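The structure appears below as structure tokens.
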Amino acid sequence: MRRGTMAGMTPQQQPSNLDPAIAARLKRSADGLVPAIAQQYDTGEVLMLGWMDDEALHRTLTTGRCTYWSRSRREYWVKGDTSGHFQHVKSVALDCDADTVLVKVDQVGAACHTGARTCFDADVLPVTQ
């Protein structure tokens, strides 16, 4: 799997093999990205949020492994390639506005870069009513 990007290119300038019918439906941010929520397929546990461009979505749909676009490193990354904490894709859906992707996965190991199972455990905010 190719890591990285063509030098100096932004996500929206990347060549992509995404099905044109799917690409036409996506509503992307100004930088060509859509948020992608990873959820444990059998429990519904929300694991993390990453970012995808057309090519990352194509790779996710065709390889069965979640591929994201790193906004800080400006390159593609496949969840688990360096950490060993893989996300095996079970299903992918667009929300009603086609501006967010929900990827249901079988998470192996931690989803969060901190080593936690989910990115949403450590900083629970108080709710007052």
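In the structure tokens, the first chain shown is A, the next is B, and so on; residue numbers restart at 1 for each chain, and ligands run from 1 in the order shown.
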Who sits within 12 Å of Asp53 in chain A, only C-alpha atoms, same chain under 5 positions skipped, as a ChimeraX atom specification: /A:5,10-18,22-23,26-36,58-60,67-71,74-77,99-101
Show which residues sit within 8 Å of His85 in chain A, as a compact mmCIF listing (two decimals) with C-alpha atoms, in the first residue's frame. Count only C-alpha atoms, and ignore same-chain residues fewer than 6 positions away.
```txt
# COMPACT_ATOMS: atom_id res chain seq x y z
CA LYS A 79 -4.50 2.27 10.75
CA GLN A 107 -10.78 -2.90 16.04
CA VAL A 108 -7.73 -4.94 17.02
CA GLY A 109 -5.96 -3.28 19.94
CA ALA A 110 -6.21 0.40 20.77
CA ALA A 111 -7.86 2.88 18.43
```
From a DSSP pass on the backbone, collect the residues of range 4-75 of chain A flagged as strand (DSSP E or B) and hand them back as a PyMOL selection string. chain A and resi 4+34-40+46-52+65+67-70+75
Find the spatial neighbours of Thr114 in chain A, counting only C-alpha atoms, within a cut-off of 12 Å - ignore same-chain residues fewer than 5 positions away - and output them as a ChimeraX atom specification. /A:48,83,85,109,119-122
Could the residues in this selection be written to a file with all heavy atoms, as a JSON list (two decimals), in the first residue's frame?
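Written out: again_9.json:
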```
[["chain", "number", "residue", "atom", "x", "y", "z"],
["A", 48, "MET", "N", -12.86, 6.52, 17.17],
["A", 48, "MET", "CA", -12.01, 7.65, 16.80],
["A", 48, "MET", "C", -12.63, 8.41, 15.64],
["A", 48, "MET", "O", -13.58, 7.95, 15.02],
["A", 48, "MET", "CB", -10.61, 7.19, 16.42],
["A", 48, "MET", "CG", -10.58, 6.23, 15.24],
["A", 48, "MET", "SD", -8.92, 5.87, 14.61],
["A", 48, "MET", "CE", -8.63, 7.30, 13.58],
["A", 83, "SER", "N", 1.37, 0.77, 14.39],
["A", 83, "SER", "CA", 1.01, 0.42, 15.77],
["A", 83, "SER", "C", 0.64, -1.04, 15.95],
["A", 83, "SER", "O", 0.71, -1.57, 17.07],
["A", 83, "SER", "CB", -0.20, 1.26, 16.22],
["A", 83, "SER", "OG", -1.36, 0.89, 15.48],
["A", 85, "HIS", "N", -2.35, -1.96, 15.63],
["A", 85, "HIS", "CA", -3.74, -1.86, 16.09],
["A", 85, "HIS", "C", -4.65, -1.63, 14.88],
["A", 85, "HIS", "O", -5.03, -0.52, 14.57],
["A", 85, "HIS", "CB", -3.89, -0.73, 17.10],
["A", 85, "HIS", "CG", -3.03, -0.93, 18.32],
["A", 85, "HIS", "ND1", -2.70, 0.11, 19.15],
["A", 85, "HIS", "CD2", -2.45, -2.03, 18.83],
["A", 85, "HIS", "CE1", -1.95, -0.34, 20.13],
["A", 85, "HIS", "NE2", -1.78, -1.64, 19.96],
["A", 109, "GLY", "N", -6.81, -4.13, 19.11],
["A", 109, "GLY", "CA", -5.96, -3.28, 19.94],
["A", 109, "GLY", "C", -6.59, -1.91, 20.12],
["A", 109, "GLY", "O", -7.78, -1.71, 19.93],
["A", 119, "CYS", "N", -10.69, 7.08, 21.56],
["A", 119, "CYS", "CA", -10.20, 8.45, 21.74],
["A", 119, "CYS", "C", -11.12, 9.27, 22.65],
["A", 119, "CYS", "O", -10.80, 10.41, 22.97],
["A", 119, "CYS", "CB", -10.09, 9.15, 20.38],
["A", 119, "CYS", "SG", -8.82, 8.45, 19.32],
["A", 120, "PHE", "N", -12.25, 8.69, 23.06],
["A", 120, "PHE", "CA", -13.26, 9.47, 23.77],
["A", 120, "PHE", "C", -13.44, 9.06, 25.23],
["A", 120, "PHE", "O", -14.44, 9.37, 25.85],
["A", 120, "PHE", "CB", -14.60, 9.38, 23.03],
["A", 120, "PHE", "CG", -14.54, 9.97, 21.66],
["A", 120, "PHE", "CD1", -14.38, 9.16, 20.55],
["A", 120, "PHE", "CD2", -14.58, 11.34, 21.46],
["A", 120, "PHE", "CE1", -14.30, 9.69, 19.27],
["A", 120, "PHE", "CE2", -14.50, 11.89, 20.20],
["A", 120, "PHE", "CZ", -14.35, 11.06, 19.10],
["A", 121, "ASP", "N", -12.45, 8.40, 25.82],
["A", 121, "ASP", "CA", -12.55, 7.97, 27.22],
["A", 121, "ASP", "C", -11.92, 8.94, 28.22],
["A", 121, "ASP", "O", -12.38, 9.04, 29.35],
["A", 121, "ASP", "CB", -11.86, 6.61, 27.41],
["A", 121, "ASP", "CG", -12.71, 5.46, 26.93],
["A", 121, "ASP", "OD1", -13.92, 5.66, 26.71],
["A", 121, "ASP", "OD2", -12.16, 4.36, 26.76],
["A", 122, "ALA", "N", -10.88, 9.62, 27.83],
["A", 122, "ALA", "CA", -10.03, 10.33, 28.79],
["A", 122, "ALA", "C", -10.55, 11.69, 29.25],
["A", 122, "ALA", "O", -10.24, 12.12, 30.33],
["A", 122, "ALA", "CB", -8.63, 10.50, 28.21]]
```
Tell me, in Å to one decimal, how far CA of Val89 in chain A is from CA of Leu125 in chain A. 29.9 Å
Counting only C-alpha atoms, which of A:Leu102, A:Leu47, A:Ala38, A:Ala56 gets nearest to Arg117 in chain A? A:Leu47
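Residues surrounding Gln40 in chain A within 6 Å are Lys104, Val105 and Asp106 of chain A [only C-alpha atoms; sequence separation below 6 positions excluded].
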Keeping only N, CA, C and O atoms, write the selected residues to a file as a PDB file, in the first residue's frame.
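New file out.pdb:
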```pdb
ATOM      1  N   LYS A 104     -17.700   1.158  10.089  1.00  0.00           N
ATOM      2  CA  LYS A 104     -17.839   0.162  11.141  1.00  0.00           C
ATOM      3  C   LYS A 104     -16.711  -0.843  10.960  1.00  0.00           C
ATOM      4  O   LYS A 104     -16.521  -1.378   9.867  1.00  0.00           O
ATOM      5  N   VAL A 105     -15.965  -1.037  12.045  1.00  0.00           N
ATOM      6  CA  VAL A 105     -14.728  -1.827  11.977  1.00  0.00           C
ATOM      7  C   VAL A 105     -14.684  -2.870  13.083  1.00  0.00           C
ATOM      8  O   VAL A 105     -15.412  -2.770  14.073  1.00  0.00           O
ATOM      9  N   ASP A 106     -13.814  -3.832  12.894  1.00  0.00           N
ATOM     10  CA  ASP A 106     -13.417  -4.710  13.977  1.00  0.00           C
ATOM     11  C   ASP A 106     -12.046  -4.205  14.406  1.00  0.00           C
ATOM     12  O   ASP A 106     -11.050  -4.384  13.691  1.00  0.00           O
TER      13      ASP A 106
END
```
From the DSSP assignment of the backbone, select every residue of chain A that is helix (DSSP H, G or I), and format the answer as a PyMOL selection string. chain A and resi 11-13+20-25+54-63
Could you dump the residues just selected with N, CA and C atoms as a PDB file, in the first residue's frame?
```pdb
ATOM      1  N   PRO A  11      -4.891  17.184  -0.721  1.00  0.00           N
ATOM      2  CA  PRO A  11      -5.768  16.037  -0.958  1.00  0.00           C
ATOM      3  C   PRO A  11      -6.673  16.199  -2.174  1.00  0.00           C
ATOM      4  N   GLN A  12      -7.251  17.363  -2.371  1.00  0.00           N
ATOM      5  CA  GLN A  12      -8.165  17.536  -3.502  1.00  0.00           C
ATOM      6  C   GLN A  12      -7.454  17.519  -4.856  1.00  0.00           C
ATOM      7  N   GLN A  13      -6.126  17.632  -4.869  1.00  0.00           N
ATOM      8  CA  GLN A  13      -5.364  17.565  -6.112  1.00  0.00           C
ATOM      9  C   GLN A  13      -4.856  16.154  -6.401  1.00  0.00           C
ATOM     10  N   PRO A  20     -16.649   7.280  -9.473  1.00  0.00           N
ATOM     11  CA  PRO A  20     -17.153   8.633  -9.736  1.00  0.00           C
ATOM     12  C   PRO A  20     -18.555   8.879  -9.185  1.00  0.00           C
ATOM     13  N   ALA A  21     -19.386   7.852  -9.129  1.00  0.00           N
ATOM     14  CA  ALA A  21     -20.738   8.017  -8.578  1.00  0.00           C
ATOM     15  C   ALA A  21     -20.691   8.326  -7.083  1.00  0.00           C
ATOM     16  N   ILE A  22     -19.744   7.696  -6.370  1.00  0.00           N
ATOM     17  CA  ILE A  22     -19.578   7.998  -4.946  1.00  0.00           C
ATOM     18  C   ILE A  22     -18.943   9.371  -4.787  1.00  0.00           C
ATOM     19  N   ALA A  23     -17.910   9.653  -5.563  1.00  0.00           N
ATOM     20  CA  ALA A  23     -17.214  10.944  -5.478  1.00  0.00           C
ATOM     21  C   ALA A  23     -18.170  12.109  -5.714  1.00  0.00           C
ATOM     22  N   ALA A  24     -19.101  11.945  -6.629  1.00  0.00           N
ATOM     23  CA  ALA A  24     -20.050  13.015  -6.952  1.00  0.00           C
ATOM     24  C   ALA A  24     -20.984  13.321  -5.784  1.00  0.00           C
ATOM     25  N   ARG A  25     -21.198  12.360  -4.929  1.00  0.00           N
ATOM     26  CA  ARG A  25     -22.101  12.539  -3.791  1.00  0.00           C
ATOM     27  C   ARG A  25     -21.442  13.216  -2.602  1.00  0.00           C
ATOM     28  N   ASP A  54     -10.879  11.524  -1.249  1.00  0.00           N
ATOM     29  CA  ASP A  54     -11.434  10.522  -2.153  1.00  0.00           C
ATOM     30  C   ASP A  54     -10.566   9.271  -2.219  1.00  0.00           C
ATOM     31  N   GLU A  55      -9.256   9.448  -2.302  1.00  0.00           N
ATOM     32  CA  GLU A  55      -8.366   8.299  -2.427  1.00  0.00           C
ATOM     33  C   GLU A  55      -8.336   7.470  -1.151  1.00  0.00           C
ATOM     34  N   ALA A  56      -8.351   8.118   0.010  1.00  0.00           N
ATOM     35  CA  ALA A  56      -8.381   7.373   1.274  1.00  0.00           C
ATOM     36  C   ALA A  56      -9.666   6.558   1.377  1.00  0.00           C
ATOM     37  N   LEU A  57     -10.781   7.131   0.952  1.00  0.00           N
ATOM     38  CA  LEU A  57     -12.038   6.395   0.961  1.00  0.00           C
ATOM     39  C   LEU A  57     -11.977   5.227  -0.016  1.00  0.00           C
ATOM     40  N   HIS A  58     -11.442   5.461  -1.205  1.00  0.00           N
ATOM     41  CA  HIS A  58     -11.277   4.376  -2.178  1.00  0.00           C
ATOM     42  C   HIS A  58     -10.451   3.234  -1.593  1.00  0.00           C
ATOM     43  N   ARG A  59      -9.331   3.556  -0.976  1.00  0.00           N
ATOM     44  CA  ARG A  59      -8.459   2.522  -0.394  1.00  0.00           C
ATOM     45  C   ARG A  59      -9.173   1.768   0.724  1.00  0.00           C
ATOM     46  N   THR A  60      -9.939   2.494   1.532  1.00  0.00           N
ATOM     47  CA  THR A  60     -10.693   1.869   2.613  1.00  0.00           C
ATOM     48  C   THR A  60     -11.722   0.888   2.059  1.00  0.00           C
ATOM     49  N   LEU A  61     -12.421   1.300   1.006  1.00  0.00           N
ATOM     50  CA  LEU A  61     -13.460   0.451   0.403  1.00  0.00           C
ATOM     51  C   LEU A  61     -12.885  -0.771  -0.303  1.00  0.00           C
ATOM     52  N   THR A  62     -11.696  -0.658  -0.829  1.00  0.00           N
ATOM     53  CA  THR A  62     -11.158  -1.737  -1.663  1.00  0.00           C
ATOM     54  C   THR A  62     -10.148  -2.634  -0.967  1.00  0.00           C
ATOM     55  N   THR A  63      -9.601  -2.211   0.170  1.00  0.00           N
ATOM     56  CA  THR A  63      -8.600  -3.033   0.857  1.00  0.00           C
ATOM     57  C   THR A  63      -9.136  -3.694   2.114  1.00  0.00           C
TER      58      THR A  63
END
```
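The two atoms in question, CA of Cys96 in chain A and CA of Leu49 in chain A, are spaced 17.9 Å apart.
The residue that comes closest to Gly84 in chain A, out of A:Gly50, A:Gly64, A:Cys112, A:Val103 and on the basis of only C-alpha atoms, is A:Cys112.
CA of Tyr41 in chain A sits 22.5 Å away from CA of Val124 in chain A.
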